[in-house]
Amino acid sequence: MGSDERVCPACGQPVQTVVRRHKTLGAWVPVWTGGPCHNPECEAYADEGAEPDEDHGGTPAGKTS
(Lines give C-alpha, C1' and ligand atoms only; values in the text may rest on other atoms or scores of the structure.)
Protein backbone atom coordinates (compact mmCIF):
# COMPACT_ATOMS: atom_id res chain seq x y z
CA MET A 1 0.00 0.00 0.00
CA GLY A 2 1.53 3.32 -1.00
CA SER A 3 -0.58 5.46 1.33
CA ASP A 4 -0.46 6.06 5.08
CA GLU A 5 -4.28 5.99 5.21
CA ARG A 6 -5.77 2.67 6.34
CA VAL A 7 -8.98 1.31 4.80
CA CYS A 8 -11.46 -1.38 5.80
CA PRO A 9 -10.76 -4.61 3.85
CA ALA A 10 -14.51 -5.33 3.56
CA CYS A 11 -15.95 -1.99 2.37
CA GLY A 12 -12.95 0.20 1.52
CA GLN A 13 -13.94 3.07 3.83
CA PRO A 14 -11.11 4.87 5.66
CA VAL A 15 -10.47 3.71 9.24
CA GLN A 16 -8.36 5.15 12.04
CA THR A 17 -4.78 4.03 12.53
CA VAL A 18 -4.38 2.38 15.93
CA VAL A 19 -1.27 1.28 17.80
CA ARG A 20 -1.08 -2.25 19.14
CA ARG A 21 1.79 -4.01 20.87
CA HIS A 22 3.75 -7.03 19.70
CA LYS A 23 6.35 -8.83 21.80
CA THR A 24 9.64 -9.38 19.98
CA LEU A 25 12.72 -10.80 21.70
CA GLY A 26 11.27 -10.01 25.12
CA ALA A 27 10.41 -6.39 24.38
CA TRP A 28 7.04 -4.86 23.51
CA VAL A 29 7.24 -2.93 20.23
CA PRO A 30 4.51 -0.77 18.65
CA VAL A 31 2.67 -1.98 15.54
CA TRP A 32 0.46 0.48 13.65
CA THR A 33 -2.61 -1.19 12.13
CA GLY A 34 -6.03 -0.26 10.84
CA GLY A 35 -8.69 0.20 13.49
CA PRO A 36 -12.27 -1.09 13.48
CA CYS A 37 -14.72 -0.08 10.76
CA HIS A 38 -17.43 2.37 11.86
CA ASN A 39 -19.56 2.11 8.69
CA PRO A 40 -22.98 0.69 9.80
CA GLU A 41 -23.58 -0.91 6.37
CA CYS A 42 -20.26 -2.81 6.46
CA GLU A 43 -20.09 -6.51 7.36
CA ALA A 44 -16.98 -5.78 9.51
CA TYR A 45 -18.77 -2.98 11.44
CA ALA A 46 -17.69 -2.57 15.08
CA ASP A 47 -19.94 -0.89 17.65
CA GLU A 48 -18.49 1.91 19.77
CA GLY A 49 -18.83 -0.20 22.95
CA ALA A 50 -17.47 -3.42 21.45
CA GLU A 51 -14.70 -5.27 23.25
CA PRO A 52 -11.27 -5.22 21.59
CA ASP A 53 -10.22 -8.42 19.83
CA GLU A 54 -6.98 -8.69 21.82
CA ASP A 55 -6.12 -8.09 25.48
CA HIS A 56 -2.66 -6.63 25.96
CA GLY A 57 -2.88 -5.59 29.56
CA GLY A 58 -3.43 -6.94 33.03
CA THR A 59 -2.16 -10.30 34.19
CA PRO A 60 -0.67 -12.79 31.73
CA ALA A 61 -2.87 -15.63 30.55
CA GLY A 62 -3.09 -18.50 32.99
CA LYS A 63 -1.84 -16.49 36.00
CA THR A 64 -3.95 -15.08 38.78
CA SER A 65 -3.02 -12.78 41.63
# chains A, B, ... in the order shown; residues from 1 in each chain; ligands from 1
call {"tool": "residues_around", "arguments": {"residues": "segment 26-35 of chain A", "least_positions_apart": "6", "cutoff": "7 Å", "atoms": "only C-alpha atoms", "output": "list in words"}}
result
Arg6, Val7, Val15, Gln16, Thr17, Val18, Val19 and Arg20 of chain A
call {"tool": "write_last_selection", "arguments": {"atoms": "N, CA and C atoms", "output": "tab-separated table (two decimals), in the first residue's frame"}}
result
chain	number	residue	atom	x	y	z
A	6	ARG	N	-5.29	4.05	6.25
A	6	ARG	CA	-5.77	2.67	6.34
A	6	ARG	C	-7.22	2.60	5.88
A	7	VAL	N	-7.60	1.50	5.25
A	7	VAL	CA	-8.98	1.31	4.80
A	7	VAL	C	-9.49	-0.04	5.28
A	15	VAL	N	-10.38	4.01	7.82
A	15	VAL	CA	-10.47	3.71	9.24
A	15	VAL	C	-9.31	4.39	9.95
A	16	GLN	N	-9.42	4.54	11.26
A	16	GLN	CA	-8.36	5.15	12.04
A	16	GLN	C	-7.16	4.22	12.11
A	17	THR	N	-5.99	4.80	12.28
A	17	THR	CA	-4.78	4.03	12.53
A	17	THR	C	-4.65	3.88	14.04
A	18	VAL	N	-4.51	2.65	14.50
A	18	VAL	CA	-4.38	2.38	15.93
A	18	VAL	C	-3.03	1.72	16.19
A	19	VAL	N	-2.55	1.88	17.41
A	19	VAL	CA	-1.27	1.28	17.80
A	19	VAL	C	-1.56	0.08	18.68
A	20	ARG	N	-0.99	-1.05	18.33
A	20	ARG	CA	-1.08	-2.25	19.14
A	20	ARG	C	0.34	-2.65	19.51
call {"tool": "residues_around", "arguments": {"residues": "segment 37-39 of chain A", "least_positions_apart": "6", "cutoff": "7 Å", "atoms": "only C-alpha atoms", "output": "PyMOL selection string"}}
result
chain A and resi 8+15+45-46
call {"tool": "write_last_selection", "arguments": {"atoms": "N, CA and C atoms", "output": "short mmCIF file (atom, residue, chain, number, x, y, z; two decimals), in the first residue's frame"}}
result
data_model
loop_
_atom_site.label_atom_id
_atom_site.label_comp_id
_atom_site.auth_asym_id
_atom_site.auth_seq_id
_atom_site.Cartn_x
_atom_site.Cartn_y
_atom_site.Cartn_z
N CYS A 8 -10.81 -0.13 5.41
CA CYS A 8 -11.46 -1.38 5.80
C CYS A 8 -11.33 -2.38 4.65
N VAL A 15 -10.38 4.01 7.82
CA VAL A 15 -10.47 3.71 9.24
C VAL A 15 -9.31 4.39 9.95
N TYR A 45 -18.43 -4.11 10.57
CA TYR A 45 -18.77 -2.98 11.44
C TYR A 45 -18.54 -3.33 12.90
N ALA A 46 -17.93 -2.38 13.64
CA ALA A 46 -17.69 -2.57 15.08
C ALA A 46 -18.41 -1.47 15.84
#
